[in-house]
file run.pdb (PDB, C-alpha atoms)
ATOM      1  CA  MET A  46      -4.168 -22.837 -10.260
ATOM      2  CA  LEU A  47      -3.527 -19.809  -8.051
ATOM      3  CA  ALA A  48       0.223 -20.340  -8.306
ATOM      4  CA  ASN A  49       0.039 -20.362 -12.118
ATOM      5  CA  SER A  50      -2.011 -17.156 -12.112
ATOM      6  CA  ILE A  51       0.542 -15.506  -9.821
ATOM      7  CA  LYS A  52       3.324 -16.508 -12.215
ATOM      8  CA  THR A  53       1.367 -15.001 -15.115
ATOM      9  CA  GLU A  54       0.876 -11.733 -13.244
ATOM     10  CA  TRP A  55       4.551 -11.687 -12.302
ATOM     11  CA  LYS A  56       5.577 -12.016 -15.953
ATOM     12  CA  LYS A  57       3.547  -8.896 -16.743
ATOM     13  CA  LEU A  58       5.390  -6.965 -14.033
ATOM     14  CA  LYS A  59       8.817  -8.115 -15.170
ATOM     15  CA  HIS A  60       8.347  -6.312 -18.466
ATOM     16  CA  SER A  61       7.429  -3.001 -16.812
ATOM     17  CA  HIS A  62       9.495  -0.214 -15.238
ATOM     18  CA  LEU A  63       7.212  -0.065 -12.231
ATOM     19  CA  TRP A  64       9.860  -1.239  -9.792
ATOM     20  CA  LEU A  65      12.049   1.742 -10.685
ATOM     21  CA  VAL A  66       9.215   3.991  -9.509
ATOM     22  CA  PHE A  67       8.897   2.016  -6.275
ATOM     23  CA  VAL A  68      12.604   2.483  -5.620
ATOM     24  CA  ALA A  69      12.804   6.177  -6.556
ATOM     25  CA  ILE A  70       9.615   7.689  -5.110
ATOM     26  CA  PRO A  71      10.143   6.621  -1.441
ATOM     27  CA  MET A  72      13.457   8.465  -1.531
ATOM     28  CA  ILE A  73      11.517  11.745  -1.630
ATOM     29  CA  PRO A  74       9.774  11.452   1.768
ATOM     30  CA  ALA A  75      12.974   9.952   3.218
ATOM     31  CA  MET A  76      14.979  13.031   2.229
ATOM     32  CA  ILE A  77      12.228  15.433   3.309
ATOM     33  CA  GLY A  78      11.823  13.636   6.640
ATOM     34  CA  THR A  79      15.553  13.619   7.365
ATOM     35  CA  ALA A  80      15.876  17.296   6.454
ATOM     36  CA  ASN A  81      12.879  18.161   8.628
ATOM     37  CA  TYR A  82      14.405  16.246  11.527
ATOM     38  CA  LEU A  83      17.726  18.083  11.195
ATOM     39  CA  ASN A  84      15.936  21.431  11.017
ATOM     40  CA  ASN A  85      14.074  20.694  14.255
ATOM     41  CA  ILE A  86      16.678  18.677  16.100
ATOM     42  CA  GLU A  87      16.542  21.056  19.081
ATOM     43  CA  ILE A  88      13.012  19.934  19.930
ATOM     44  CA  LEU A  89      13.123  16.366  18.578
ATOM     45  CA  LYS A  90      14.954  14.583  21.383
ATOM     46  CA  SER A  91      14.011  10.924  20.909
ATOM     47  CA  GLU A  92      16.628  10.193  18.222
ATOM     48  CA  TRP A  93      15.465   7.295  16.027
ATOM     49  CA  TYR A  94      11.870   7.613  17.225
ATOM     50  CA  SER A  95      11.867  11.327  16.466
ATOM     51  CA  LEU A  96      13.290  10.649  13.020
ATOM     52  CA  TRP A  97      10.527   8.113  12.496
ATOM     53  CA  THR A  98       7.868  10.745  13.197
ATOM     54  CA  GLN A  99       9.272  12.866  10.373
ATOM     55  CA  HIS A 100       9.782  10.033   7.862
ATOM     56  CA  SER A 101       6.357   8.486   8.473
ATOM     57  CA  LEU A 102       4.596  11.867   8.493
ATOM     58  CA  PHE A 103       5.296  12.341   4.784
ATOM     59  CA  TYR A 104       5.581   8.765   3.546
ATOM     60  CA  ALA A 105       2.516   7.252   5.216
ATOM     61  CA  ASN A 106       0.192  10.181   4.593
ATOM     62  CA  PHE A 107       1.095  11.172   1.035
ATOM     63  CA  PHE A 108       3.120   8.439  -0.703
ATOM     64  CA  TYR A 109       2.347   4.914   0.528
ATOM     65  CA  GLY A 110      -1.319   4.788  -0.528
ATOM     66  CA  PRO A 111      -0.781   6.366  -3.967
ATOM     67  CA  LEU A 112       2.155   4.017  -4.652
ATOM     68  CA  ILE A 113      -0.036   1.014  -3.901
ATOM     69  CA  ALA A 114      -2.734   2.546  -6.098
ATOM     70  CA  LEU A 115      -0.186   3.020  -8.876
ATOM     71  CA  TYR A 116       0.572  -0.685  -8.861
ATOM     72  CA  CYS A 117      -3.123  -1.613  -8.833
ATOM     73  CA  SER A 118      -3.902   0.782 -11.686
ATOM     74  CA  TYR A 119      -1.060  -0.674 -13.723
ATOM     75  CA  THR A 120      -2.039  -4.303 -13.199
ATOM     76  CA  TRP A 121      -5.620  -3.647 -14.370
ATOM     77  CA  ARG A 122      -4.607  -1.274 -17.156
ATOM     78  CA  VAL A 123      -2.936  -4.225 -18.864
ATOM     79  CA  GLU A 124      -6.314  -5.979 -18.858
ATOM     80  CA  HIS A 125      -8.294  -2.922 -19.988
ATOM     81  CA  LEU A 126      -6.104  -2.333 -23.040
ATOM     82  CA  ASN A 127      -5.881  -4.330 -26.289
ATOM     83  CA  HIS A 128      -8.945  -6.456 -25.544
ATOM     84  CA  ASN A 129      -7.112  -8.254 -22.735
ATOM     85  CA  TRP A 130     -10.277  -8.147 -20.626
ATOM     86  CA  ASN A 131     -12.106 -10.573 -22.908
ATOM     87  CA  ARG A 132      -9.062 -12.813 -22.995
ATOM     88  CA  LEU A 133      -8.871 -12.712 -19.196
ATOM     89  CA  MET A 134     -12.542 -13.582 -18.829
ATOM     90  CA  SER A 135     -12.191 -16.526 -21.204
ATOM     91  CA  MET A 136      -9.342 -18.122 -19.250
ATOM     92  CA  PRO A 137     -10.177 -21.461 -17.560
ATOM     93  CA  VAL A 138      -9.668 -20.058 -14.054
ATOM     94  CA  SER A 139     -12.119 -18.871 -11.426
ATOM     95  CA  GLU A 140     -12.839 -15.230 -10.675
ATOM     96  CA  GLY A 141     -11.421 -15.748  -7.201
ATOM     97  CA  THR A 142      -8.155 -16.963  -8.681
ATOM     98  CA  ILE A 143      -7.915 -13.964 -11.025
ATOM     99  CA  PHE A 144      -8.515 -11.396  -8.315
ATOM    100  CA  GLY A 145      -6.597 -13.353  -5.666
ATOM    101  CA  SER A 146      -3.432 -13.575  -7.772
ATOM    102  CA  LYS A 147      -3.443  -9.812  -8.243
ATOM    103  CA  LEU A 148      -4.029  -9.303  -4.527
ATOM    104  CA  VAL A 149      -1.154 -11.611  -3.563
ATOM    105  CA  LEU A 150       1.293  -9.681  -5.740
ATOM    106  CA  ALA A 151      -0.119  -6.390  -4.469
ATOM    107  CA  PHE A 152       0.629  -7.564  -0.930
ATOM    108  CA  GLY A 153       4.167  -8.404  -2.037
ATOM    109  CA  CYS A 154       4.387  -4.870  -3.384
ATOM    110  CA  THR A 155       3.378  -3.407  -0.003
ATOM    111  CA  VAL A 156       5.985  -5.479   1.853
ATOM    112  CA  PHE A 157       8.678  -4.542  -0.673
ATOM    113  CA  LEU A 158       7.891  -0.867  -0.184
ATOM    114  CA  GLN A 159       8.055  -1.175   3.598
ATOM    115  CA  LEU A 160      11.400  -2.987   3.600
ATOM    116  CA  TRP A 161      12.841  -0.407   1.196
ATOM    117  CA  VAL A 162      11.568   2.384   3.462
ATOM    118  CA  TRP A 163      13.316   0.641   6.384
ATOM    119  CA  ILE A 164      16.613   0.760   4.483
ATOM    120  CA  LEU A 165      16.074   4.424   3.600
ATOM    121  CA  PHE A 166      15.210   5.127   7.248
ATOM    122  CA  ILE A 167      18.512   3.622   8.381
ATOM    123  CA  LEU A 168      20.439   5.600   5.763
ATOM    124  CA  GLY A 169      18.617   8.789   6.791
ATOM    125  CA  GLY A 170      19.453   8.186  10.430
ATOM    126  CA  LYS A 171      23.111   7.651   9.671
ATOM    127  CA  ALA A 172      23.158  10.783   7.513
ATOM    128  CA  ALA A 173      21.668  12.652  10.483
ATOM    129  CA  GLY A 174      24.368  11.278  12.790
ATOM    130  CA  LEU A 175      22.185   9.007  14.923
ATOM    131  CA  PRO A 176      24.078   6.319  16.892
ATOM    132  CA  GLY A 177      23.653   2.582  16.488
ATOM    133  CA  MET A 178      20.731   1.032  14.666
ATOM    134  CA  PRO A 179      17.034   1.917  14.876
ATOM    135  CA  PRO A 180      14.859  -0.018  17.339
ATOM    136  CA  VAL A 181      13.384  -3.238  15.984
ATOM    137  CA  GLN A 182      10.009  -1.952  17.160
ATOM    138  CA  ILE A 183       9.979   0.513  14.261
ATOM    139  CA  LEU A 184      10.546  -2.344  11.793
ATOM    140  CA  PHE A 185       7.589  -4.087  13.414
ATOM    141  CA  TRP A 186       5.497  -0.946  12.850
ATOM    142  CA  LEU A 187       6.502  -0.920   9.192
ATOM    143  CA  LEU A 188       5.575  -4.558   8.653
ATOM    144  CA  ARG A 189       2.350  -4.091  10.579
ATOM    145  CA  GLY A 190       1.612  -1.175   8.295
ATOM    146  CA  SER A 191       1.896  -3.511   5.326
ATOM    147  CA  LEU A 192      -1.235  -5.279   6.623
ATOM    148  CA  GLY A 193      -3.040  -1.977   6.446
ATOM    149  CA  GLY A 194      -1.461  -1.526   3.034
ATOM    150  CA  MET A 195      -3.026  -4.801   1.928
ATOM    151  CA  VAL A 196      -6.438  -3.393   2.802
ATOM    152  CA  THR A 197      -5.654  -0.397   0.608
ATOM    153  CA  ALA A 198      -4.450  -2.727  -2.148
ATOM    154  CA  ALA A 199      -7.667  -4.767  -2.043
ATOM    155  CA  LEU A 200      -9.773  -1.615  -2.296
ATOM    156  CA  GLN A 201      -7.621  -0.106  -5.044
ATOM    157  CA  LEU A 202      -7.780  -3.317  -7.070
ATOM    158  CA  VAL A 203     -11.558  -3.056  -7.030
ATOM    159  CA  LEU A 204     -11.484   0.621  -8.004
ATOM    160  CA  SER A 205      -8.931   0.093 -10.785
ATOM    161  CA  MET A 206     -10.905  -2.860 -12.094
ATOM    162  CA  ILE A 207     -14.069  -0.760 -12.372
ATOM    163  CA  ILE A 208     -12.545   2.600 -13.340
ATOM    164  CA  ARG A 209     -10.694   2.441 -16.651
ATOM    165  CA  SER A 210      -8.805   5.663 -15.956
ATOM    166  CA  PHE A 211      -5.221   5.139 -14.797
ATOM    167  CA  ALA A 212      -4.978   8.326 -12.721
ATOM    168  CA  VAL A 213      -8.372   8.560 -11.015
ATOM    169  CA  PRO A 214      -7.864   5.606  -8.600
ATOM    170  CA  ILE A 215      -4.474   7.050  -7.623
ATOM    171  CA  ALA A 216      -6.107  10.386  -6.832
ATOM    172  CA  VAL A 217      -8.714   8.540  -4.765
ATOM    173  CA  ALA A 218      -5.917   6.863  -2.779
ATOM    174  CA  LEU A 219      -4.296  10.226  -2.047
ATOM    175  CA  LEU A 220      -7.564  11.773  -0.900
ATOM    176  CA  GLY A 221      -8.385   8.637   1.077
ATOM    177  CA  SER A 222      -5.016   8.794   2.848
ATOM    178  CA  ILE A 223      -5.531  12.437   3.792
ATOM    179  CA  MET A 224      -9.004  11.607   5.077
ATOM    180  CA  GLY A 225      -7.446   8.672   6.911
ATOM    181  CA  LEU A 226      -5.118  11.048   8.741
ATOM    182  CA  LEU A 227      -8.052  13.170   9.887
ATOM    183  CA  LEU A 228     -10.054  10.141  11.022
ATOM    184  CA  SER A 229      -7.045   8.645  12.816
ATOM    185  CA  ASN A 230      -6.615  11.838  14.777
ATOM    186  CA  GLY A 231     -10.309  11.617  15.677
ATOM    187  CA  GLY A 232     -10.028   8.025  16.900
ATOM    188  CA  TYR A 233     -11.901   6.410  13.994
ATOM    189  CA  SER A 234      -8.999   4.708  12.253
ATOM    190  CA  LEU A 235     -10.432   1.177  12.492
ATOM    191  CA  PHE A 236     -13.501   2.211  10.490
ATOM    192  CA  TRP A 237     -11.763   3.704   7.445
ATOM    193  CA  PRO A 238      -9.673   1.432   5.183
ATOM    194  CA  TYR A 239      -7.073   4.067   4.327
ATOM    195  CA  SER A 240      -6.464   4.770   8.019
ATOM    196  CA  LEU A 241      -5.253   1.251   8.758
ATOM    197  CA  MET A 242      -1.896   1.635   7.005
ATOM    198  CA  LEU A 243      -1.274   4.863   8.947
ATOM    199  CA  GLU A 244      -2.361   3.274  12.213
ATOM    200  CA  GLY A 245      -0.306   0.148  11.602
ATOM    201  CA  MET A 246       2.816   2.175  10.883
ATOM    202  CA  ASN A 247       2.251   4.341  13.958
ATOM    203  CA  ALA A 248       2.764   7.299  11.644
ATOM    204  CA  ASN A 249       4.090  10.493  13.226
ATOM    205  CA  LYS A 250       4.102   8.903  16.691
ATOM    206  CA  THR A 251       6.978   8.003  19.021
ATOM    207  CA  GLU A 252       4.942   5.534  21.100
ATOM    208  CA  ASP A 253       2.791   2.669  19.850
ATOM    209  CA  MET A 254      -0.768   3.959  19.680
ATOM    210  CA  ILE A 255      -2.424   0.588  18.963
ATOM    211  CA  GLU A 256      -3.570  -0.692  22.332
ATOM    212  CA  ASN A 257      -5.837  -3.375  20.902
ATOM    213  CA  MET A 258      -4.089  -5.486  18.259
ATOM    214  CA  PHE A 259      -7.130  -7.754  18.135
ATOM    215  CA  GLY A 260      -9.348  -4.880  17.030
ATOM    216  CA  PHE A 261      -6.787  -3.820  14.425
ATOM    217  CA  GLY A 262      -6.566  -7.389  13.103
ATOM    218  CA  ILE A 263     -10.349  -7.772  12.934
ATOM    219  CA  SER A 264     -10.642  -4.533  10.978
ATOM    220  CA  VAL A 265      -7.930  -5.643   8.515
ATOM    221  CA  VAL A 266      -9.551  -9.043   7.952
ATOM    222  CA  PHE A 267     -13.028  -7.506   7.590
ATOM    223  CA  PHE A 268     -12.022  -4.981   4.940
ATOM    224  CA  ILE A 269      -9.905  -7.454   2.968
ATOM    225  CA  ALA A 270     -12.779  -9.957   2.938
ATOM    226  CA  LEU A 271     -15.208  -7.192   1.947
ATOM    227  CA  PHE A 272     -13.156  -5.942  -0.991
ATOM    228  CA  LEU A 273     -12.123  -9.430  -2.068
ATOM    229  CA  GLY A 274     -15.774 -10.431  -2.161
ATOM    230  CA  ALA A 275     -16.695  -7.260  -4.055
ATOM    231  CA  GLY A 276     -13.943  -7.880  -6.602
ATOM    232  CA  ILE A 277     -14.980 -11.478  -7.214
ATOM    233  CA  TRP A 278     -18.651 -10.497  -7.495
ATOM    234  CA  TYR A 279     -17.848  -7.811 -10.053
ATOM    235  CA  LEU A 280     -15.757 -10.188 -12.134
ATOM    236  CA  LYS A 281     -18.582 -12.718 -12.198
ATOM    237  CA  HIS A 282     -21.027 -10.000 -13.202
ATOM    238  CA  GLU A 283     -18.722  -8.708 -15.923
ATOM    239  CA  ASP A 284     -18.137 -12.235 -17.182
ATOM    240  CA  VAL A 285     -21.848 -12.698 -17.817
ATOM    241  CA  ARG A 286     -22.290  -9.221 -19.294
ATOM    242  CA  THR A 287     -19.275  -9.548 -21.608
ATOM    243  CA  ALA A 288     -20.421 -12.903 -22.898
ATOM    244  CA  ALA A 289     -23.956 -11.642 -23.574
TER     245      ALA A 289
END

call {"tool": "encode", "arguments": {"input": "run.pdb", "output": "structure tokens"}}
result
Amino acid sequence: MLANSIKTEWKKLKHSHLWLVFVAIPMIPAMIGTANYLNNIEILKSEWYSLWTQHSLFYANFFYGPLIALYCSYTWRVEHLNHNWNRLMSMPVSEGTIFGSKLVLAFGCTVFLQLWVWILFILGGKAAGLPGMPPVQILFWLLRGSLGGMVTAALQLVLSMIIRSFAVPIAVALLGSIMGLLLSNGGYSLFWPYSLMLEGMNANKTEDMIENMFGFGISVVFFIALFLGAGIWYLKHEDVRTAA
């Protein structure tokens, strides 16, 4: 049943231009980061790692969260418009399947973004004249960041499900990311969902700052379970209210 719901959600995405946005927008922080690296090359001496600090500074803090939120707002906007909500609620599938299928595709969105950023990072490094290929460790940071991105996706799916506005949840994601930066600098990243994608990506750092992967993993699992449960509960509540 979950597989069929995922296929249905995928069909909705195929008819949108959302993927063009996902390809174009990450180019902006990539170009800014590369330019910033070249402008400060006298003090940035760690080559690929230094370039990563500049790329991740802009992408992780200002673009990654809002891009995830954009996807989540779009996937629920389809349901909010044209009476699709009632049709969705009348489908012979469970609330967990409905929310879970959207979350699975949202996770795919986060991984796609990270792999595309990796390609842009390589291109930026070559444009800056860096030798060889970037360390595999940075790719690991990117993929680890996608776990934090899944937390953001789960939260944004709940917000976009409740808030009918397309733009408001995206604004929340931007503000949440900025707050996440402040809390990460204060050592509270594991307690704020928007901080986890920054922490996972090791944003603006040349050395891995996560000393306790177990704690990071527990925080990711906790927040995903929390928001997944909240999303399913809300759908069940709305199902009863809509039918009344």

call {"tool": "residues_around", "arguments": {"input": "run.pdb", "residues": "stretch 170-186 of chain A", "least_positions_apart": "2", "cutoff": "9 Å", "atoms": "all atoms listed in the file", "output": "list in words"}}
result
Thr79, Ala80, Tyr82, Leu83, Glu92, Trp93, Tyr94, Leu96, Trp97, Gln159, Leu160, Trp163, Leu165, Phe166, Ile167, Leu168, Leu188, Arg189, Gly190, Ser191, Glu244, Gly245, Met246, Asn247, Ala248 and Asp253 of chain A

call {"tool": "resolve_selection", "arguments": {"input": "run.pdb", "expression": "the PyMOL selection byres ((chain A and resi 72) around 12)", "output": "PyMOL selection string"}}
result
chain A and resi 65-71+73-79+100+103-104+108-109+158+161-166+168-169

call {"tool": "write_last_selection", "arguments": {"input": "run.pdb", "atoms": "C-alpha atoms", "output": "CSV table (one decimal), in the frame of the given file"}}
result
chain,number,residue,atom,x,y,z
A,65,LEU,CA,12.0,1.7,-10.7
A,66,VAL,CA,9.2,4.0,-9.5
A,67,PHE,CA,8.9,2.0,-6.3
A,68,VAL,CA,12.6,2.5,-5.6
A,69,ALA,CA,12.8,6.2,-6.6
A,70,ILE,CA,9.6,7.7,-5.1
A,71,PRO,CA,10.1,6.6,-1.4
A,73,ILE,CA,11.5,11.7,-1.6
A,74,PRO,CA,9.8,11.5,1.8
A,75,ALA,CA,13.0,10.0,3.2
A,76,MET,CA,15.0,13.0,2.2
A,77,ILE,CA,12.2,15.4,3.3
A,78,GLY,CA,11.8,13.6,6.6
A,79,THR,CA,15.6,13.6,7.4
A,100,HIS,CA,9.8,10.0,7.9
A,103,PHE,CA,5.3,12.3,4.8
A,104,TYR,CA,5.6,8.8,3.5
A,108,PHE,CA,3.1,8.4,-0.7
A,109,TYR,CA,2.3,4.9,0.5
A,158,LEU,CA,7.9,-0.9,-0.2
A,161,TRP,CA,12.8,-0.4,1.2
A,162,VAL,CA,11.6,2.4,3.5
A,163,TRP,CA,13.3,0.6,6.4
A,164,ILE,CA,16.6,0.8,4.5
A,165,LEU,CA,16.1,4.4,3.6
A,166,PHE,CA,15.2,5.1,7.2
A,168,LEU,CA,20.4,5.6,5.8
A,169,GLY,CA,18.6,8.8,6.8

call {"tool": "resolve_selection", "arguments": {"input": "run.pdb", "expression": "the PyMOL selection byres ((chain A and resi 238) around 7)", "output": "ChimeraX atom specification"}}
result
/A:196-197,236-237,239-241,268

call {"tool": "write_last_selection", "arguments": {"input": "run.pdb", "atoms": "C-alpha atoms", "output": "PDB file, keeping the file's coordinate frame"}}
result
ATOM      1  CA  VAL A 196      -6.438  -3.393   2.802  1.00  0.00           C
ATOM      2  CA  THR A 197      -5.654  -0.397   0.608  1.00  0.00           C
ATOM      3  CA  PHE A 236     -13.501   2.211  10.490  1.00  0.00           C
ATOM      4  CA  TRP A 237     -11.763   3.704   7.445  1.00  0.00           C
ATOM      5  CA  TYR A 239      -7.073   4.067   4.327  1.00  0.00           C
ATOM      6  CA  SER A 240      -6.464   4.770   8.019  1.00  0.00           C
ATOM      7  CA  LEU A 241      -5.253   1.251   8.758  1.00  0.00           C
ATOM      8  CA  PHE A 268     -12.022  -4.981   4.940  1.00  0.00           C
TER       9      PHE A 268
END

call {"tool": "closest_residue", "arguments": {"input": "run.pdb", "among": "A:Asn84, A:Gly274, A:Thr120, A:Pro214", "to": "A:Lys59", "atoms": "all atoms listed in the file"}}
result
A:Thr120

call {"tool": "resolve_selection", "arguments": {"input": "run.pdb", "expression": "the PyMOL selection byres ((chain A and resi 154) around 10)", "output": "VMD selection string"}}
result
chain A and resid 64 67 112 to 113 116 to 117 148 to 153 155 to 159 191 194 to 195 198

call {"tool": "closest_residue", "arguments": {"input": "run.pdb", "among": "A:Tyr233, A:Lys250, A:Ser50, A:Lys147", "to": "A:Leu89", "atoms": "all atoms listed in the file"}}
result
A:Lys250

call {"tool": "atom_distance", "arguments": {"input": "run.pdb", "atom1": "atom CA of A:Ile88", "atom2": "atom CA of A:Ser101"}}
result
17.5 Å

call {"tool": "atom_distance", "arguments": {"input": "run.pdb", "atom1": "atom CA of A:Val217", "atom2": "atom CA of A:Ala199"}}
result
13.6 Å

call {"tool": "closest_residue", "arguments": {"input": "run.pdb", "among": "A:Gln99, A:Gly276, A:Val123, A:Pro111", "to": "A:Leu58", "atoms": "all atoms listed in the file"}}
result
A:Val123

call {"tool": "build_atoms", "arguments": {"input": "run.pdb", "residues": "stretch 187-210 of chain A", "atoms": "N, CA and C atoms", "output": "mmCIF file, in the coordinates of the input"}}
result
data_model
loop_
_atom_site.group_PDB
_atom_site.id
_atom_site.type_symbol
_atom_site.label_atom_id
_atom_site.label_comp_id
_atom_site.auth_asym_id
_atom_site.auth_seq_id
_atom_site.Cartn_x
_atom_site.Cartn_y
_atom_site.Cartn_z
ATOM 1 N N LEU A 187 6.515 -0.935 10.658
ATOM 2 C CA LEU A 187 6.502 -0.920 9.192
ATOM 3 C C LEU A 187 5.807 -2.156 8.627
ATOM 4 N N LEU A 188 6.171 -3.324 9.150
ATOM 5 C CA LEU A 188 5.575 -4.558 8.653
ATOM 6 C C LEU A 188 4.098 -4.649 9.022
ATOM 7 N N ARG A 189 3.767 -4.140 10.193
ATOM 8 C CA ARG A 189 2.350 -4.091 10.579
ATOM 9 C C ARG A 189 1.581 -3.158 9.650
ATOM 10 N N GLY A 190 2.232 -2.094 9.240
ATOM 11 C CA GLY A 190 1.612 -1.175 8.295
ATOM 12 C C GLY A 190 1.336 -1.814 6.956
ATOM 13 N N SER A 191 2.129 -2.835 6.597
ATOM 14 C CA SER A 191 1.896 -3.511 5.326
ATOM 15 C C SER A 191 0.570 -4.273 5.346
ATOM 16 N N LEU A 192 0.092 -4.658 6.526
ATOM 17 C CA LEU A 192 -1.235 -5.279 6.623
ATOM 18 C C LEU A 192 -2.312 -4.255 6.286
ATOM 19 N N GLY A 193 -2.134 -3.047 6.831
ATOM 20 C CA GLY A 193 -3.040 -1.977 6.446
ATOM 21 C C GLY A 193 -2.907 -1.647 4.975
ATOM 22 N N GLY A 194 -1.685 -1.750 4.460
ATOM 23 C CA GLY A 194 -1.461 -1.526 3.034
ATOM 24 C C GLY A 194 -2.172 -2.551 2.177
ATOM 25 N N MET A 195 -2.320 -3.768 2.685
ATOM 26 C CA MET A 195 -3.026 -4.801 1.928
ATOM 27 C C MET A 195 -4.511 -4.468 1.821
ATOM 28 N N VAL A 196 -5.053 -3.866 2.874
ATOM 29 C CA VAL A 196 -6.438 -3.393 2.802
ATOM 30 C C VAL A 196 -6.577 -2.360 1.690
ATOM 31 N N THR A 197 -5.651 -1.413 1.661
ATOM 32 C CA THR A 197 -5.654 -0.397 0.608
ATOM 33 C C THR A 197 -5.516 -1.044 -0.761
ATOM 34 N N ALA A 198 -4.641 -2.045 -0.865
ATOM 35 C CA ALA A 198 -4.450 -2.727 -2.148
ATOM 36 C C ALA A 198 -5.731 -3.418 -2.603
ATOM 37 N N ALA A 199 -6.420 -4.081 -1.678
ATOM 38 C CA ALA A 199 -7.667 -4.767 -2.043
ATOM 39 C C ALA A 199 -8.704 -3.774 -2.548
ATOM 40 N N LEU A 200 -8.820 -2.642 -1.868
ATOM 41 C CA LEU A 200 -9.773 -1.615 -2.296
ATOM 42 C C LEU A 200 -9.373 -1.015 -3.635
ATOM 43 N N GLN A 201 -8.076 -0.725 -3.801
ATOM 44 C CA GLN A 201 -7.621 -0.106 -5.044
ATOM 45 C C GLN A 201 -7.729 -1.058 -6.230
ATOM 46 N N LEU A 202 -7.590 -2.350 -5.991
ATOM 47 C CA LEU A 202 -7.780 -3.317 -7.070
ATOM 48 C C LEU A 202 -9.219 -3.287 -7.566
ATOM 49 N N VAL A 203 -10.153 -3.152 -6.625
ATOM 50 C CA VAL A 203 -11.558 -3.056 -7.030
ATOM 51 C C VAL A 203 -11.791 -1.775 -7.824
ATOM 52 N N LEU A 204 -11.280 -0.655 -7.321
ATOM 53 C CA LEU A 204 -11.484 0.621 -8.004
ATOM 54 C C LEU A 204 -10.849 0.616 -9.395
ATOM 55 N N SER A 205 -9.625 0.100 -9.490
ATOM 56 C CA SER A 205 -8.931 0.093 -10.785
ATOM 57 C C SER A 205 -9.548 -0.890 -11.755
ATOM 58 N N MET A 206 -10.201 -1.909 -11.236
ATOM 59 C CA MET A 206 -10.905 -2.860 -12.094
ATOM 60 C C MET A 206 -12.136 -2.208 -12.704
ATOM 61 N N ILE A 207 -12.823 -1.384 -11.914
ATOM 62 C CA ILE A 207 -14.069 -0.760 -12.372
ATOM 63 C C ILE A 207 -13.803 0.506 -13.182
ATOM 64 N N ILE A 208 -12.835 1.313 -12.706
ATOM 65 C CA ILE A 208 -12.545 2.600 -13.340
ATOM 66 C C ILE A 208 -11.420 2.407 -14.359
ATOM 67 N N ARG A 209 -11.688 2.670 -15.607
ATOM 68 C CA ARG A 209 -10.694 2.441 -16.651
ATOM 69 C C ARG A 209 -9.572 3.483 -16.641
ATOM 70 N N SER A 210 -9.825 4.619 -16.047
ATOM 71 C CA SER A 210 -8.805 5.663 -15.956
ATOM 72 C C SER A 210 -7.625 5.187 -15.105
#
